[in-house]
file protein.cif (mmCIF, N, CA and C atoms)
data_protein
#
loop_
_atom_site.label_atom_id
_atom_site.label_comp_id
_atom_site.auth_asym_id
_atom_site.auth_seq_id
_atom_site.Cartn_x
_atom_site.Cartn_y
_atom_site.Cartn_z
N MET A 186 -3.61 -18.79 23.43
CA MET A 186 -2.90 -17.72 22.74
C MET A 186 -2.67 -16.58 23.73
N ARG A 187 -1.52 -16.07 23.70
CA ARG A 187 -1.13 -14.97 24.58
C ARG A 187 -1.77 -13.64 24.16
N THR A 188 -1.57 -12.61 24.96
CA THR A 188 -2.02 -11.26 24.59
C THR A 188 -1.18 -10.75 23.43
N LEU A 189 -1.82 -10.08 22.51
CA LEU A 189 -1.12 -9.53 21.35
C LEU A 189 -0.57 -8.15 21.73
N THR A 190 0.68 -8.11 22.19
CA THR A 190 1.25 -6.89 22.74
C THR A 190 1.43 -5.78 21.70
N LYS A 191 1.82 -6.13 20.49
CA LYS A 191 1.98 -5.11 19.44
C LYS A 191 0.64 -4.52 19.05
N VAL A 192 -0.40 -5.33 19.07
CA VAL A 192 -1.74 -4.85 18.76
C VAL A 192 -2.22 -3.92 19.87
N GLU A 193 -1.93 -4.28 21.11
CA GLU A 193 -2.30 -3.42 22.24
C GLU A 193 -1.56 -2.09 22.16
N GLU A 194 -0.29 -2.13 21.82
CA GLU A 194 0.50 -0.91 21.66
C GLU A 194 -0.07 -0.04 20.53
N PHE A 195 -0.46 -0.66 19.45
CA PHE A 195 -1.06 0.04 18.31
C PHE A 195 -2.33 0.77 18.74
N LYS A 196 -3.18 0.11 19.55
CA LYS A 196 -4.42 0.75 20.02
C LYS A 196 -4.13 2.06 20.72
N THR A 197 -3.06 2.08 21.50
CA THR A 197 -2.70 3.29 22.24
C THR A 197 -2.06 4.33 21.32
N GLU A 198 -1.08 3.90 20.55
CA GLU A 198 -0.32 4.83 19.72
C GLU A 198 -1.13 5.42 18.57
N ALA A 199 -2.05 4.67 18.02
CA ALA A 199 -2.80 5.13 16.85
C ALA A 199 -4.16 5.73 17.20
N ASP A 200 -4.44 5.87 18.49
CA ASP A 200 -5.72 6.41 18.91
C ASP A 200 -6.02 7.72 18.20
N GLY A 201 -7.17 7.79 17.58
CA GLY A 201 -7.58 8.99 16.86
C GLY A 201 -7.19 9.01 15.39
N ALA A 202 -6.39 8.05 14.96
CA ALA A 202 -5.95 8.01 13.56
C ALA A 202 -7.06 7.44 12.67
N LEU A 203 -6.98 7.75 11.39
CA LEU A 203 -7.85 7.15 10.38
C LEU A 203 -6.98 6.60 9.27
N PHE A 204 -7.40 5.48 8.70
CA PHE A 204 -6.63 4.81 7.66
C PHE A 204 -7.51 4.56 6.45
N THR A 205 -6.89 4.58 5.27
CA THR A 205 -7.58 4.12 4.07
C THR A 205 -7.68 2.60 4.16
N LYS A 206 -8.49 2.00 3.32
CA LYS A 206 -8.62 0.54 3.35
C LYS A 206 -7.26 -0.12 3.05
N GLN A 207 -6.53 0.43 2.10
CA GLN A 207 -5.22 -0.14 1.77
C GLN A 207 -4.25 -0.01 2.94
N GLN A 208 -4.26 1.16 3.60
CA GLN A 208 -3.40 1.34 4.76
C GLN A 208 -3.81 0.41 5.89
N ALA A 209 -5.11 0.24 6.08
CA ALA A 209 -5.60 -0.61 7.16
C ALA A 209 -5.15 -2.06 6.97
N ILE A 210 -5.23 -2.56 5.75
CA ILE A 210 -4.80 -3.95 5.53
C ILE A 210 -3.27 -4.05 5.69
N ALA A 211 -2.53 -3.02 5.25
CA ALA A 211 -1.07 -3.03 5.42
C ALA A 211 -0.71 -3.01 6.91
N VAL A 212 -1.38 -2.17 7.69
CA VAL A 212 -1.13 -2.10 9.12
C VAL A 212 -1.47 -3.44 9.77
N THR A 213 -2.59 -4.02 9.38
CA THR A 213 -3.01 -5.31 9.92
C THR A 213 -1.95 -6.37 9.68
N LEU A 214 -1.45 -6.46 8.47
CA LEU A 214 -0.42 -7.46 8.15
C LEU A 214 0.88 -7.19 8.92
N ARG A 215 1.25 -5.93 9.05
CA ARG A 215 2.48 -5.61 9.79
C ARG A 215 2.34 -5.95 11.27
N LEU A 216 1.17 -5.67 11.82
CA LEU A 216 0.95 -6.02 13.23
C LEU A 216 1.00 -7.53 13.43
N LEU A 217 0.38 -8.28 12.54
CA LEU A 217 0.43 -9.74 12.65
C LEU A 217 1.86 -10.25 12.49
N GLN A 218 2.62 -9.65 11.59
CA GLN A 218 4.02 -10.04 11.40
C GLN A 218 4.84 -9.72 12.66
N ALA A 219 4.59 -8.56 13.24
CA ALA A 219 5.30 -8.19 14.47
C ALA A 219 4.97 -9.17 15.59
N GLU A 220 3.72 -9.55 15.70
CA GLU A 220 3.33 -10.54 16.71
C GLU A 220 3.99 -11.88 16.43
N LEU A 221 4.04 -12.27 15.17
CA LEU A 221 4.67 -13.54 14.80
C LEU A 221 6.15 -13.55 15.14
N SER A 222 6.80 -12.41 15.06
CA SER A 222 8.24 -12.31 15.32
C SER A 222 8.59 -12.32 16.80
N ASP A 223 7.60 -12.25 17.67
CA ASP A 223 7.85 -12.25 19.11
C ASP A 223 8.50 -13.56 19.52
N PRO A 224 9.67 -13.51 20.14
CA PRO A 224 10.37 -14.75 20.51
C PRO A 224 9.66 -15.57 21.59
N SER A 225 8.68 -14.98 22.27
CA SER A 225 7.99 -15.73 23.32
C SER A 225 6.86 -16.60 22.77
N ASN A 226 6.65 -16.59 21.46
CA ASN A 226 5.60 -17.41 20.85
C ASN A 226 5.88 -18.89 21.02
N SER A 227 4.83 -19.61 21.32
CA SER A 227 4.93 -21.07 21.28
C SER A 227 4.73 -21.50 19.82
N GLU A 228 4.95 -22.76 19.55
CA GLU A 228 4.71 -23.26 18.19
C GLU A 228 3.23 -23.10 17.81
N LYS A 229 2.36 -23.31 18.78
CA LYS A 229 0.92 -23.14 18.53
C LYS A 229 0.60 -21.68 18.20
N ASP A 230 1.18 -20.74 18.97
CA ASP A 230 0.98 -19.31 18.69
C ASP A 230 1.43 -18.97 17.27
N LYS A 231 2.59 -19.46 16.89
CA LYS A 231 3.12 -19.20 15.54
C LYS A 231 2.16 -19.72 14.48
N ALA A 232 1.67 -20.92 14.68
CA ALA A 232 0.75 -21.51 13.70
C ALA A 232 -0.53 -20.69 13.58
N ILE A 233 -1.06 -20.25 14.71
CA ILE A 233 -2.28 -19.43 14.70
C ILE A 233 -2.04 -18.12 13.96
N LEU A 234 -0.93 -17.46 14.25
CA LEU A 234 -0.62 -16.18 13.61
C LEU A 234 -0.34 -16.34 12.12
N GLU A 235 0.36 -17.40 11.75
CA GLU A 235 0.62 -17.65 10.32
C GLU A 235 -0.68 -17.90 9.57
N GLU A 236 -1.59 -18.64 10.17
CA GLU A 236 -2.89 -18.88 9.55
C GLU A 236 -3.69 -17.58 9.44
N ALA A 237 -3.63 -16.76 10.47
CA ALA A 237 -4.33 -15.47 10.43
C ALA A 237 -3.80 -14.59 9.30
N MET A 238 -2.50 -14.60 9.10
CA MET A 238 -1.90 -13.80 8.02
C MET A 238 -2.33 -14.31 6.65
N ARG A 239 -2.51 -15.60 6.51
CA ARG A 239 -2.96 -16.15 5.22
C ARG A 239 -4.42 -15.79 4.95
N ARG A 240 -5.23 -15.70 6.01
CA ARG A 240 -6.67 -15.52 5.83
C ARG A 240 -7.13 -14.07 5.84
N ILE A 241 -6.35 -13.17 6.41
CA ILE A 241 -6.82 -11.79 6.56
C ILE A 241 -7.02 -11.15 5.18
N ASN A 242 -8.13 -10.47 5.02
CA ASN A 242 -8.40 -9.74 3.78
C ASN A 242 -9.36 -8.60 4.09
N PHE A 243 -9.75 -7.87 3.05
CA PHE A 243 -10.59 -6.68 3.24
C PHE A 243 -11.89 -6.98 3.97
N THR A 244 -12.45 -8.17 3.77
CA THR A 244 -13.77 -8.44 4.36
C THR A 244 -13.75 -8.42 5.89
N TYR A 245 -12.59 -8.67 6.49
CA TYR A 245 -12.51 -8.57 7.94
C TYR A 245 -12.54 -7.13 8.41
N LEU A 246 -12.14 -6.21 7.53
CA LEU A 246 -12.16 -4.78 7.87
C LEU A 246 -13.43 -4.09 7.42
N ASP A 247 -13.97 -4.53 6.30
CA ASP A 247 -15.11 -3.83 5.71
C ASP A 247 -15.92 -4.80 4.86
N ALA A 248 -17.05 -5.18 5.36
CA ALA A 248 -17.89 -6.15 4.64
C ALA A 248 -18.90 -5.48 3.71
N THR A 249 -18.92 -4.16 3.70
CA THR A 249 -19.89 -3.47 2.83
C THR A 249 -19.40 -3.47 1.39
N ALA A 250 -20.33 -3.45 0.48
CA ALA A 250 -19.98 -3.45 -0.95
C ALA A 250 -20.95 -2.58 -1.73
N THR A 251 -21.27 -1.43 -1.17
CA THR A 251 -22.19 -0.50 -1.84
C THR A 251 -21.44 0.36 -2.84
N GLU A 252 -22.17 1.06 -3.67
CA GLU A 252 -21.54 2.00 -4.60
C GLU A 252 -20.79 3.09 -3.85
N THR A 253 -21.37 3.54 -2.75
CA THR A 253 -20.71 4.58 -1.94
C THR A 253 -19.42 4.05 -1.35
N ASP A 254 -19.44 2.82 -0.86
CA ASP A 254 -18.23 2.19 -0.32
C ASP A 254 -17.14 2.14 -1.39
N THR A 255 -17.50 1.72 -2.57
CA THR A 255 -16.54 1.65 -3.67
C THR A 255 -16.01 3.03 -4.02
N MET A 256 -16.89 4.02 -4.06
CA MET A 256 -16.46 5.39 -4.37
C MET A 256 -15.46 5.87 -3.32
N LEU A 257 -15.77 5.68 -2.05
CA LEU A 257 -14.87 6.12 -0.99
C LEU A 257 -13.52 5.42 -1.07
N ASP A 258 -13.54 4.13 -1.37
CA ASP A 258 -12.29 3.38 -1.54
C ASP A 258 -11.49 3.90 -2.73
N THR A 259 -12.18 4.15 -3.84
CA THR A 259 -11.53 4.64 -5.05
C THR A 259 -10.87 6.00 -4.81
N LEU A 260 -11.53 6.82 -4.03
CA LEU A 260 -11.00 8.15 -3.72
C LEU A 260 -9.95 8.12 -2.62
N GLY A 261 -9.75 6.96 -2.00
CA GLY A 261 -8.75 6.83 -0.95
C GLY A 261 -9.13 7.55 0.33
N VAL A 262 -10.41 7.57 0.64
CA VAL A 262 -10.88 8.24 1.85
C VAL A 262 -10.47 7.42 3.08
N ALA A 263 -9.82 8.09 4.01
CA ALA A 263 -9.41 7.44 5.26
C ALA A 263 -10.60 7.38 6.19
N ARG A 264 -11.03 6.17 6.52
CA ARG A 264 -12.22 6.02 7.37
C ARG A 264 -12.17 4.80 8.27
N PHE A 265 -11.05 4.12 8.32
CA PHE A 265 -10.92 2.94 9.17
C PHE A 265 -10.15 3.33 10.43
N THR A 266 -10.77 3.07 11.57
CA THR A 266 -10.20 3.44 12.86
C THR A 266 -9.28 2.34 13.39
N PRO A 267 -8.41 2.69 14.33
CA PRO A 267 -7.61 1.65 14.98
C PRO A 267 -8.50 0.57 15.62
N ALA A 268 -9.63 0.98 16.18
CA ALA A 268 -10.54 0.00 16.80
C ALA A 268 -11.03 -1.01 15.79
N LYS A 269 -11.34 -0.57 14.58
CA LYS A 269 -11.81 -1.48 13.53
C LYS A 269 -10.69 -2.45 13.13
N ILE A 270 -9.47 -1.97 13.06
CA ILE A 270 -8.34 -2.83 12.71
C ILE A 270 -8.12 -3.87 13.81
N VAL A 271 -8.15 -3.44 15.06
CA VAL A 271 -7.97 -4.36 16.18
C VAL A 271 -9.10 -5.38 16.21
N GLU A 272 -10.31 -4.93 15.95
CA GLU A 272 -11.46 -5.84 15.91
C GLU A 272 -11.25 -6.93 14.84
N ALA A 273 -10.75 -6.54 13.68
CA ALA A 273 -10.50 -7.51 12.61
C ALA A 273 -9.42 -8.51 13.02
N ILE A 274 -8.35 -8.01 13.64
CA ILE A 274 -7.28 -8.90 14.09
C ILE A 274 -7.79 -9.86 15.16
N ASP A 275 -8.51 -9.33 16.13
CA ASP A 275 -9.06 -10.19 17.18
C ASP A 275 -9.95 -11.27 16.59
N PHE A 276 -10.76 -10.89 15.63
CA PHE A 276 -11.66 -11.88 15.03
C PHE A 276 -10.88 -12.97 14.31
N VAL A 277 -9.94 -12.59 13.47
CA VAL A 277 -9.24 -13.60 12.66
C VAL A 277 -8.30 -14.45 13.51
N VAL A 278 -7.76 -13.89 14.60
CA VAL A 278 -6.83 -14.65 15.44
C VAL A 278 -7.58 -15.49 16.47
N PHE A 279 -8.57 -14.92 17.12
CA PHE A 279 -9.19 -15.58 18.27
C PHE A 279 -10.54 -16.23 18.02
N GLU A 280 -11.34 -15.67 17.11
CA GLU A 280 -12.72 -16.12 17.01
C GLU A 280 -13.04 -16.98 15.79
N SER A 281 -12.36 -16.80 14.71
CA SER A 281 -12.79 -17.48 13.47
C SER A 281 -12.09 -18.81 13.21
N ARG A 282 -11.33 -19.32 14.18
CA ARG A 282 -10.62 -20.58 13.98
C ARG A 282 -11.54 -21.73 14.01
#

call {"tool": "encode", "arguments": {"input": "protein.cif", "output": "structure tokens"}}
result
Amino acid sequence: MRTLTKVEEFKTEADGALFTKQQAIAVTLRLLQAELSDPSNSEKDKAILEEAMRRINFTYLDATATETDTMLDTLGVARFTPAKIVEAIDFVVFESR
């Protein structure tokens, strides 16, 4: 699998940003879609990215399920960093296959 250029660009552009859980999952899906749309993808790359898009969910971003976690999510508190989003993408694309 090649380097994920849109994800790398996101790390730079979004440095210092915070996202709500809903925003984080939306950003994650958009980044995966942008990577999938890259014309330099091989068929194998496309298959890996399509599978990653099917499997990505909140647990890759946040595995906690405490009352406080739920409260923060309900209130829409922005607490997910670009690094956490990139970590989730890297895991689902490169490590969990």

call {"tool": "closest_residue", "arguments": {"input": "protein.cif", "among": "A:Thr205, A:Glu280, A:Met238, A:Ala268", "to": "A:Leu221", "atoms": "only C-alpha atoms"}}
result
A:Met238

call {"tool": "residues_around", "arguments": {"input": "protein.cif", "residues": "stretch 246-252 of chain A", "least_positions_apart": "6", "cutoff": "7 Å", "atoms": "only N, CA and C atoms", "output": "NGL selection string"}}
result
:A and (269-270 or 273)

call {"tool": "closest_residue", "arguments": {"input": "protein.cif", "among": "A:Asn226, A:Thr197, A:Thr259, A:Gln218", "to": "A:Val271", "atoms": "only C-alpha atoms"}}
result
A:Thr197

call {"tool": "resolve_selection", "arguments": {"input": "protein.cif", "expression": "the PyMOL selection byres (((chain A and resi 195 and name CA) around 10) and name CA)", "output": "PyMOL selection string"}}
result
chain A and resi 190-194+196-200+212+216+267-268+270-271

call {"tool": "resolve_selection", "arguments": {"input": "protein.cif", "expression": "the PyMOL selection byres (((chain A and resi 237 and name CA) around 9) and name CA)", "output": "JSON list (two decimals) with N, CA and C atoms, in the coordinates of the input"}}
result
[["chain", "number", "residue", "atom", "x", "y", "z"],
["A", 217, "LEU", "N", 0.38, -8.28, 12.54],
["A", 217, "LEU", "CA", 0.43, -9.74, 12.65],
["A", 217, "LEU", "C", 1.86, -10.25, 12.49],
["A", 232, "ALA", "N", 1.67, -20.92, 14.68],
["A", 232, "ALA", "CA", 0.75, -21.51, 13.70],
["A", 232, "ALA", "C", -0.53, -20.69, 13.58],
["A", 233, "ILE", "N", -1.06, -20.25, 14.71],
["A", 233, "ILE", "CA", -2.28, -19.43, 14.70],
["A", 233, "ILE", "C", -2.04, -18.12, 13.96],
["A", 234, "LEU", "N", -0.93, -17.46, 14.25],
["A", 234, "LEU", "CA", -0.62, -16.18, 13.61],
["A", 234, "LEU", "C", -0.34, -16.34, 12.12],
["A", 235, "GLU", "N", 0.36, -17.40, 11.75],
["A", 235, "GLU", "CA", 0.62, -17.65, 10.32],
["A", 235, "GLU", "C", -0.68, -17.90, 9.57],
["A", 236, "GLU", "N", -1.59, -18.64, 10.17],
["A", 236, "GLU", "CA", -2.89, -18.88, 9.55],
["A", 236, "GLU", "C", -3.69, -17.58, 9.44],
["A", 238, "MET", "N", -2.50, -14.60, 9.10],
["A", 238, "MET", "CA", -1.90, -13.80, 8.02],
["A", 238, "MET", "C", -2.33, -14.31, 6.65],
["A", 239, "ARG", "N", -2.51, -15.60, 6.51],
["A", 239, "ARG", "CA", -2.96, -16.15, 5.22],
["A", 239, "ARG", "C", -4.42, -15.79, 4.95],
["A", 240, "ARG", "N", -5.23, -15.70, 6.01],
["A", 240, "ARG", "CA", -6.67, -15.52, 5.83],
["A", 240, "ARG", "C", -7.13, -14.07, 5.84],
["A", 241, "ILE", "N", -6.35, -13.17, 6.41],
["A", 241, "ILE", "CA", -6.82, -11.79, 6.56],
["A", 241, "ILE", "C", -7.02, -11.15, 5.18],
["A", 274, "ILE", "N", -8.35, -8.01, 13.64],
["A", 274, "ILE", "CA", -7.28, -8.90, 14.09],
["A", 274, "ILE", "C", -7.79, -9.86, 15.16],
["A", 277, "VAL", "N", -9.94, -12.59, 13.47],
["A", 277, "VAL", "CA", -9.24, -13.60, 12.66],
["A", 277, "VAL", "C", -8.30, -14.45, 13.51],
["A", 278, "VAL", "N", -7.76, -13.89, 14.60],
["A", 278, "VAL", "CA", -6.83, -14.65, 15.44],
["A", 278, "VAL", "C", -7.58, -15.49, 16.47],
["A", 282, "ARG", "N", -11.33, -19.32, 14.18],
["A", 282, "ARG", "CA", -10.62, -20.58, 13.98],
["A", 282, "ARG", "C", -11.54, -21.73, 14.01]]

call {"tool": "closest_residue", "arguments": {"input": "protein.cif", "among": "A:Lys229, A:Arg215, A:Arg187, A:Lys206", "to": "A:Phe243", "atoms": "all atoms listed in the file"}}
result
A:Lys206

call {"tool": "select_by_dssp", "arguments": {"input": "protein.cif", "residues": "chain A", "states": "alpha helix (DSSP H)", "output": "number ranges by chain"}}
result
A: 190-198, 206-221, 228-240, 243-246, 252-259, 267-275

call {"tool": "residues_around", "arguments": {"input": "protein.cif", "residues": "A:Leu260", "least_positions_apart": "4", "cutoff": "12 Å", "atoms": "only C-alpha atoms", "output": "list in words"}}
result
Thr205, Lys206, Gln207, Thr253, Asp254, Thr255, Met256 and Arg264 of chain A

call {"tool": "axis_aligned_box", "arguments": {"input": "protein.cif", "around": "stretch 247-264 of chain A", "padding_each_side": "5 Å", "output": "AutoDock Vina command-line options"}}
result
--center_x -15.5 --center_y 1.0 --center_z 1.6 --size_x 23.4 --size_y 24.4 --size_z 23.3

call {"tool": "decode", "arguments": {"input": "protein.cif", "residues": "stretch 211-224 of chain A", "atoms": "all heavy atoms", "output": "CSV table (one decimal), in the first residue's frame"}}
result
chain,number,residue,atom,x,y,z
A,211,ALA,N,-16.7,11.7,10.2
A,211,ALA,CA,-17.0,12.3,8.9
A,211,ALA,C,-15.7,12.6,8.2
A,211,ALA,O,-15.5,12.3,7.0
A,211,ALA,CB,-17.9,13.5,9.0
A,212,VAL,N,-14.7,13.2,8.9
A,212,VAL,CA,-13.4,13.5,8.4
A,212,VAL,C,-12.7,12.2,7.9
A,212,VAL,O,-12.1,12.1,6.9
A,212,VAL,CB,-12.6,14.3,9.4
A,212,VAL,CG1,-11.1,14.3,8.9
A,212,VAL,CG2,-13.1,15.7,9.5
A,213,THR,N,-12.8,11.2,8.8
A,213,THR,CA,-12.2,9.9,8.5
A,213,THR,C,-12.7,9.3,7.2
A,213,THR,O,-11.9,8.9,6.3
A,213,THR,CB,-12.4,8.9,9.7
A,213,THR,OG1,-11.8,9.5,10.9
A,213,THR,CG2,-11.8,7.6,9.4
A,214,LEU,N,-14.0,9.3,7.0
A,214,LEU,CA,-14.6,8.8,5.8
A,214,LEU,C,-14.2,9.6,4.6
A,214,LEU,O,-14.0,9.1,3.5
A,214,LEU,CB,-16.1,8.7,6.0
A,214,LEU,CG,-16.6,7.6,6.9
A,214,LEU,CD1,-18.1,7.7,7.2
A,214,LEU,CD2,-16.2,6.2,6.4
A,215,ARG,N,-14.2,10.9,4.7
A,215,ARG,CA,-13.8,11.8,3.6
A,215,ARG,C,-12.4,11.6,3.2
A,215,ARG,O,-12.1,11.6,2.0
A,215,ARG,CB,-14.1,13.2,3.9
A,215,ARG,CG,-15.6,13.6,3.9
A,215,ARG,CD,-15.8,15.1,4.0
A,215,ARG,NE,-17.2,15.4,4.0
A,215,ARG,CZ,-17.6,16.6,3.8
A,215,ARG,NH1,-16.8,17.6,3.7
A,215,ARG,NH2,-18.9,16.8,3.9
A,216,LEU,N,-11.5,11.4,4.2
A,216,LEU,CA,-10.1,11.2,3.9
A,216,LEU,C,-10.0,9.8,3.2
A,216,LEU,O,-9.2,9.7,2.2
A,216,LEU,CB,-9.3,11.2,5.1
A,216,LEU,CG,-9.0,12.6,5.7
A,216,LEU,CD1,-8.4,12.5,7.1
A,216,LEU,CD2,-8.1,13.4,4.8
A,217,LEU,N,-10.6,8.8,3.6
A,217,LEU,CA,-10.6,7.5,3.0
A,217,LEU,C,-11.1,7.6,1.6
A,217,LEU,O,-10.6,7.0,0.6
A,217,LEU,CB,-11.3,6.4,3.8
A,217,LEU,CG,-10.6,6.0,5.1
A,217,LEU,CD1,-11.5,5.2,5.9
A,217,LEU,CD2,-9.3,5.3,4.8
A,218,GLN,N,-12.2,8.3,1.4
A,218,GLN,CA,-12.8,8.5,0.0
A,218,GLN,C,-11.8,9.2,-0.9
A,218,GLN,O,-11.6,8.9,-2.0
A,218,GLN,CB,-14.1,9.2,0.1
A,218,GLN,CG,-14.8,9.4,-1.2
A,218,GLN,CD,-15.1,8.1,-1.9
A,218,GLN,OE1,-15.7,7.2,-1.3
A,218,GLN,NE2,-14.7,7.9,-3.1
A,219,ALA,N,-11.2,10.3,-0.3
A,219,ALA,CA,-10.2,11.0,-1.2
A,219,ALA,C,-9.0,10.1,-1.6
A,219,ALA,O,-8.6,10.2,-2.7
A,219,ALA,CB,-9.7,12.2,-0.4
A,220,GLU,N,-8.6,9.3,-0.6
A,220,GLU,CA,-7.5,8.3,-1.0
A,220,GLU,C,-8.0,7.3,-2.0
A,220,GLU,O,-7.2,7.0,-2.9
A,220,GLU,CB,-7.0,7.6,0.3
A,220,GLU,CG,-6.4,8.5,1.3
A,220,GLU,CD,-5.0,9.1,0.9
A,220,GLU,OE1,-4.5,8.7,-0.2
A,220,GLU,OE2,-4.5,9.9,1.7
A,221,LEU,N,-9.2,6.9,-1.9
A,221,LEU,CA,-9.7,5.9,-2.8
A,221,LEU,C,-9.8,6.5,-4.2
A,221,LEU,O,-9.6,5.8,-5.2
A,221,LEU,CB,-11.1,5.4,-2.4
A,221,LEU,CG,-11.8,4.4,-3.2
A,221,LEU,CD1,-11.0,3.1,-3.3
A,221,LEU,CD2,-13.2,4.1,-2.6
A,222,SER,N,-10.1,7.8,-4.3
A,222,SER,CA,-10.2,8.5,-5.6
A,222,SER,C,-8.9,8.8,-6.3
A,222,SER,O,-8.9,9.2,-7.5
A,222,SER,CB,-11.0,9.8,-5.4
A,222,SER,OG,-12.3,9.6,-4.9
A,223,ASP,N,-7.8,8.6,-5.7
A,223,ASP,CA,-6.5,8.8,-6.2
A,223,ASP,C,-6.3,7.9,-7.5
A,223,ASP,O,-6.4,6.7,-7.3
A,223,ASP,CB,-5.4,8.6,-5.2
A,223,ASP,CG,-4.0,9.0,-5.7
A,223,ASP,OD1,-3.7,8.8,-6.9
A,223,ASP,OD2,-3.3,9.5,-4.8
A,224,PRO,N,-6.0,8.5,-8.6
A,224,PRO,CA,-5.9,7.7,-9.8
A,224,PRO,C,-4.7,6.7,-9.8
A,224,PRO,O,-4.6,5.8,-10.6
A,224,PRO,CB,-5.8,8.7,-11.0
A,224,PRO,CG,-5.5,10.0,-10.3
A,224,PRO,CD,-5.9,9.9,-8.9
